[in-house]
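Engineer: The following file, my_file33.pdb, comprises PDB, C-alpha atoms:
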ATOM      1  CA  MET A   6      33.223 -58.274 114.639
ATOM      2  CA  ALA A   7      35.481 -57.188 111.759
ATOM      3  CA  ILE A   8      34.712 -60.396 109.884
ATOM      4  CA  ALA A   9      30.964 -59.926 110.352
ATOM      5  CA  GLU A  10      31.231 -56.356 109.123
ATOM      6  CA  SER A  11      33.228 -57.451 106.072
ATOM      7  CA  VAL A  12      30.741 -60.210 105.274
ATOM      8  CA  TYR A  13      27.809 -57.793 105.456
ATOM      9  CA  ARG A  14      29.526 -55.336 103.116
ATOM     10  CA  LEU A  15      30.623 -58.024 100.672
ATOM     11  CA  SER A  16      27.329 -59.902 100.586
ATOM     12  CA  GLY A  17      25.411 -56.689  99.924
ATOM     13  CA  ALA A  18      26.445 -57.006  96.270
ATOM     14  CA  PHE A  19      25.139 -60.578  95.915
ATOM     15  CA  PRO A  20      22.173 -61.163  93.600
ATOM     16  CA  LYS A  21      18.824 -60.296  95.160
ATOM     17  CA  THR A  22      17.721 -63.895  94.543
ATOM     18  CA  GLU A  23      20.244 -64.924  97.224
ATOM     19  CA  MET A  24      18.796 -62.653  99.909
ATOM     20  CA  TYR A  25      17.175 -65.601 101.711
ATOM     21  CA  GLY A  26      19.770 -68.100 100.529
ATOM     22  CA  LEU A  27      23.510 -67.714 100.635
ATOM     23  CA  THR A  28      23.438 -64.066 101.727
ATOM     24  CA  GLY A  29      21.334 -64.874 104.779
ATOM     25  CA  GLN A  30      23.406 -67.956 105.622
ATOM     26  CA  LEU A  31      26.658 -66.005 105.393
ATOM     27  CA  ARG A  32      25.374 -63.201 107.550
ATOM     28  CA  ARG A  33      23.949 -65.512 110.207
ATOM     29  CA  ALA A  34      27.195 -67.466 110.431
ATOM     30  CA  ALA A  35      29.276 -64.267 110.548
ATOM     31  CA  VAL A  36      27.183 -62.811 113.377
ATOM     32  CA  SER A  37      27.061 -66.109 115.251
ATOM     33  CA  VAL A  38      30.827 -66.223 115.810
ATOM     34  CA  PRO A  39      31.238 -63.038 117.904
ATOM     35  CA  SER A  40      27.808 -63.565 119.482
ATOM     36  CA  ASN A  41      28.815 -66.955 120.873
ATOM     37  CA  ILE A  42      32.130 -65.600 122.129
ATOM     38  CA  ALA A  43      30.386 -62.705 123.868
ATOM     39  CA  GLU A  44      27.695 -64.903 125.390
ATOM     40  CA  GLY A  45      30.265 -67.382 126.653
ATOM     41  CA  HIS A  46      32.380 -64.637 128.178
ATOM     42  CA  ALA A  47      29.347 -63.346 130.048
ATOM     43  CA  ARG A  48      28.647 -66.756 131.598
ATOM     44  CA  ALA A  49      29.462 -67.505 135.212
ATOM     45  CA  SER A  50      31.915 -70.355 134.704
ATOM     46  CA  THR A  51      35.001 -71.225 132.723
ATOM     47  CA  ARG A  52      33.337 -74.467 131.634
ATOM     48  CA  GLU A  53      30.437 -72.560 130.061
ATOM     49  CA  TYR A  54      32.818 -70.104 128.410
ATOM     50  CA  LEU A  55      34.743 -73.043 126.955
ATOM     51  CA  GLN A  56      31.532 -74.501 125.572
ATOM     52  CA  TYR A  57      30.587 -71.264 123.808
ATOM     53  CA  VAL A  58      34.091 -70.804 122.372
ATOM     54  CA  SER A  59      33.846 -74.329 120.972
ATOM     55  CA  VAL A  60      30.424 -73.521 119.535
ATOM     56  CA  ALA A  61      31.839 -70.368 117.870
ATOM     57  CA  GLU A  62      34.288 -72.513 115.902
ATOM     58  CA  GLY A  63      31.378 -74.180 114.081
ATOM     59  CA  PRO A  64      29.893 -71.086 112.422
ATOM     60  CA  LEU A  65      33.413 -69.933 111.556
ATOM     61  CA  ALA A  66      33.925 -73.150 109.577
ATOM     62  CA  GLU A  67      30.488 -72.668 107.977
ATOM     63  CA  LEU A  68      31.429 -69.135 107.023
ATOM     64  CA  GLU A  69      34.644 -70.243 105.343
ATOM     65  CA  THR A  70      32.735 -72.881 103.354
ATOM     66  CA  GLN A  71      30.009 -70.456 102.323
ATOM     67  CA  LEU A  72      32.560 -67.861 101.217
ATOM     68  CA  GLU A  73      34.246 -70.494  99.055
ATOM     69  CA  LEU A  74      30.864 -71.258  97.501
ATOM     70  CA  ALA A  75      30.343 -67.550  96.797
ATOM     71  CA  VAL A  76      33.617 -67.556  94.849
ATOM     72  CA  ARG A  77      32.609 -70.666  92.900
ATOM     73  CA  LEU A  78      29.296 -69.013  92.007
ATOM     74  CA  ASP A  79      31.165 -65.868  90.891
ATOM     75  CA  TYR A  80      29.446 -63.685  93.482
ATOM     76  CA  ILE A  81      32.870 -62.573  94.743
ATOM     77  CA  SER A  82      36.380 -62.881  93.372
ATOM     78  CA  GLU A  83      39.325 -64.691  94.915
ATOM     79  CA  GLN A  84      40.852 -61.251  95.373
ATOM     80  CA  GLU A  85      37.852 -60.068  97.391
ATOM     81  CA  LEU A  86      37.851 -63.268  99.414
ATOM     82  CA  GLY A  87      41.562 -63.080 100.327
ATOM     83  CA  PRO A  88      41.409 -60.596 103.221
ATOM     84  CA  ILE A  89      38.347 -62.228 104.807
ATOM     85  CA  ARG A  90      39.903 -65.668 104.431
ATOM     86  CA  GLU A  91      43.007 -64.393 106.243
ATOM     87  CA  GLN A  92      40.837 -62.945 109.012
ATOM     88  CA  CYS A  93      39.009 -66.276 109.360
ATOM     89  CA  VAL A  94      42.256 -68.234 109.586
ATOM     90  CA  CYS A  95      43.603 -65.802 112.188
ATOM     91  CA  LEU A  96      40.406 -65.950 114.227
ATOM     92  CA  GLY A  97      40.378 -69.741 114.011
ATOM     93  CA  LYS A  98      43.863 -69.824 115.509
ATOM     94  CA  GLN A  99      42.849 -67.379 118.238
ATOM     95  CA  LEU A 100      39.785 -69.438 119.126
ATOM     96  CA  TYR A 101      41.901 -72.590 119.269
ATOM     97  CA  GLN A 102      44.391 -70.897 121.589
ATOM     98  CA  LEU A 103      41.610 -69.492 123.771
ATOM     99  CA  ARG A 104      39.988 -72.919 123.968
ATOM    100  CA  GLN A 105      43.308 -74.488 124.984
ATOM    101  CA  ALA A 106      43.852 -71.807 127.650
ATOM    102  CA  LEU A 107      40.373 -72.403 129.071
ATOM    103  CA  VAL A 108      40.982 -76.162 129.146
ATOM    104  CA  GLN A 109      44.224 -75.549 131.042
ATOM    105  CA  ARG A 110      42.413 -73.278 133.486
ATOM    106  CA  LEU A 111      39.834 -75.991 134.144
ATOM    107  CA  ARG A 112      42.520 -78.613 134.642
ATOM    108  CA  ALA A 113      44.382 -76.359 137.074
ATOM    109  CA  ALA A 114      41.192 -75.691 139.011
ATOM    110  CA  ASN A 115      40.501 -79.414 139.281
ATOM    111  CA  ARG A 116      44.010 -80.056 140.661
ATOM    112  CA  SER A 117      43.803 -77.412 143.360
ATOM    113  CA  PRO A 118      43.028 -78.823 146.767
ATOM    114  CA  ILE A 119      39.543 -78.254 148.038
ATOM    115  CA  PRO A 120      39.671 -76.402 151.358
ATOM    116  CA  GLU A 121      38.224 -78.208 154.338
ATOM    117  CA  PRO A 122      34.990 -76.667 155.587
ATOM    118  CA  ARG A 123      35.280 -74.720 158.827
ATOM    119  CA  LEU A 124      33.320 -76.056 161.724
ATOM    120  CA  ASP A 125      33.122 -72.916 163.845
ATOM    121  CA  SER A 126      30.406 -72.721 166.398
TER     122      SER A 126
END
Could you quickly redo this structure as structure tokens?
Structural biologist:
Amino acid sequence: MAIAESVYRLSGAFPKTEMYGLTGQLRRAAVSVPSNIAEGHARASTREYLQYVSVAEGPLAELETQLELAVRLDYISEQELGPIREQCVCLGKQLYQLRQALVQRLRAANRSPIPEPRLDS
């Protein structure tokens, strides 16, 4: 959420001609990351959660690329980009670790013995 907030504040100073271009792309990608995490967490299974965490990594990569483009176009400075870049790297590591933990949870669940059904009358 902090990254999305930062992107909204930073992109507010972009040229008005970018409102439906880079500004919109940045904002959609920034909002997509926490949205996918939240939606996955609300799902009924670990497998679905894992899928949404994996999906969240995509818009994060898009966001990093788009922010680099904003620097190259002189819409923001390297100095302005620094803190958001650090947040993106940190979040990327957290998503990787969460994904790995969910994979381990699924593997553990698949190894657990399935209880025999009771045949009570």
Engineer: With the cut-off set at 8 Å and counting all atoms listed in the file, tabulate each residue of range 52-125 of chain A with an atom at most that distance from an atom of range 30-36 of chain A, showing the nearest atom pair and its distance in Å to one decimal, ordered by chain and increasing number, as a Markdown table.
Structural biologist:
| residue | atom | partner | partner_atom | distance |
| --- | --- | --- | --- | --- |
| A:Pro64 | CA | A:Ala34 | CA | 4.9 |
| A:Leu65 | CA | A:Ala34 | CA | 6.8 |
| A:Glu67 | CA | A:Ala34 | CA | 6.6 |
| A:Leu68 | CA | A:Ala34 | CA | 5.7 |
| A:Gln71 | CA | A:Leu31 | CA | 6.4 |
| A:Leu72 | CA | A:Leu31 | CA | 7.5 |
Engineer: List the neighbours of Val108 in chain A out to 9 Å using only C-alpha atoms; skip same-chain residues closer than 5 positions along the sequence, and give me the result as a compact mmCIF listing (two decimals) with C-alpha atoms, keeping the file's coordinate frame.
Structural biologist:
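Produced file around.txt, reproduced below:
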# COMPACT_ATOMS: atom_id res chain seq x y z
CA THR A 51 35.00 -71.22 132.72
CA ARG A 52 33.34 -74.47 131.63
CA LEU A 55 34.74 -73.04 126.96
CA LEU A 103 41.61 -69.49 123.77
CA ALA A 113 44.38 -76.36 137.07
Engineer: Need to verify the contact set: Val58 in chain A, 8 Å, all atoms listed in the file, exclusion of same-chain residues closer than 6 positions in sequence. Can you return it as JSON, numbers by chain?
Structural biologist: {"A": [41, 42, 45, 100, 103, 104]}
Engineer: From the set A:Ile81, A:Leu74, A:Ala7, A:Leu107, which residue has the shortest atom-to-atom contact distance to Tyr57 in chain A, counting only C-alpha atoms?
Structural biologist: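 Among A:Ile81, A:Leu74, A:Ala7, A:Leu107, it is A:Leu107 that comes nearest to Tyr57 in chain A.
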Engineer: One decimal, in Å: what's the spacing between CA of Lys98 in chain A and CA of Ser59 in chain A?
Structural biologist: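 We find that CA of Lys98 in chain A and CA of Ser59 in chain A lie 12.3 Å from each other.
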Engineer: For Ile89 in chain A, which of A:His46, A:Glu69, A:Arg77, A:Thr22 is the closest residue, counting all atoms listed in the file?
Structural biologist: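 Smallest distance to Ile89 in chain A is found for A:Glu69.
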Engineer: Which of these residues is nearest to Ser37 in chain A, using all atoms listed in the file: A:Gly87, A:Gly97, A:Gly17, A:Gly63?
Structural biologist: A:Gly63
Engineer: Point out the residue among A:Tyr101, A:Tyr25, A:Tyr54, A:Phe19 with the least atom-to-atom distance to Tyr80 in chain A, counting all atoms listed in the file.
Structural biologist: A:Phe19
Engineer: Please measure the separation of CA of Ala18 in chain A and CA of Gln99 in chain A, giving the value in Å to one decimal.
Structural biologist: 29.3 Å
Engineer: May I ask for the distance between CA of Glu62 in chain A and CA of Ser40 in chain A, given in Å to one decimal place?
Structural biologist: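 For CA of Glu62 in chain A relative to CA of Ser40 in chain A, the distance reads 11.6 Å.
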Engineer: Which of these, A:Ala66, A:Val38, A:Leu27, A:Ala47, has the shortest distance to Ala9 in chain A once you count all atoms listed in the file?
Structural biologist: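 Selected residue with least distance to Ala9 in chain A: A:Val38.
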Engineer: Between A:Glu44, A:Ser50, A:Arg90, A:Ile8, which residue has the minimum interatomic distance to Val76 in chain A, considering only C-alpha atoms?
Structural biologist: A:Arg90
Engineer: For range 39-58 of chain A, what centre and edge lengths in Å (one decimal) does the axis-aligned box get once 3 Å is added on each side of all its listed atoms, as AutoDock Vina command-line options?
Structural biologist:
--center_x 31.3 --center_y -68.6 --center_z 126.6 --size_x 13.3 --size_y 17.8 --size_z 23.3
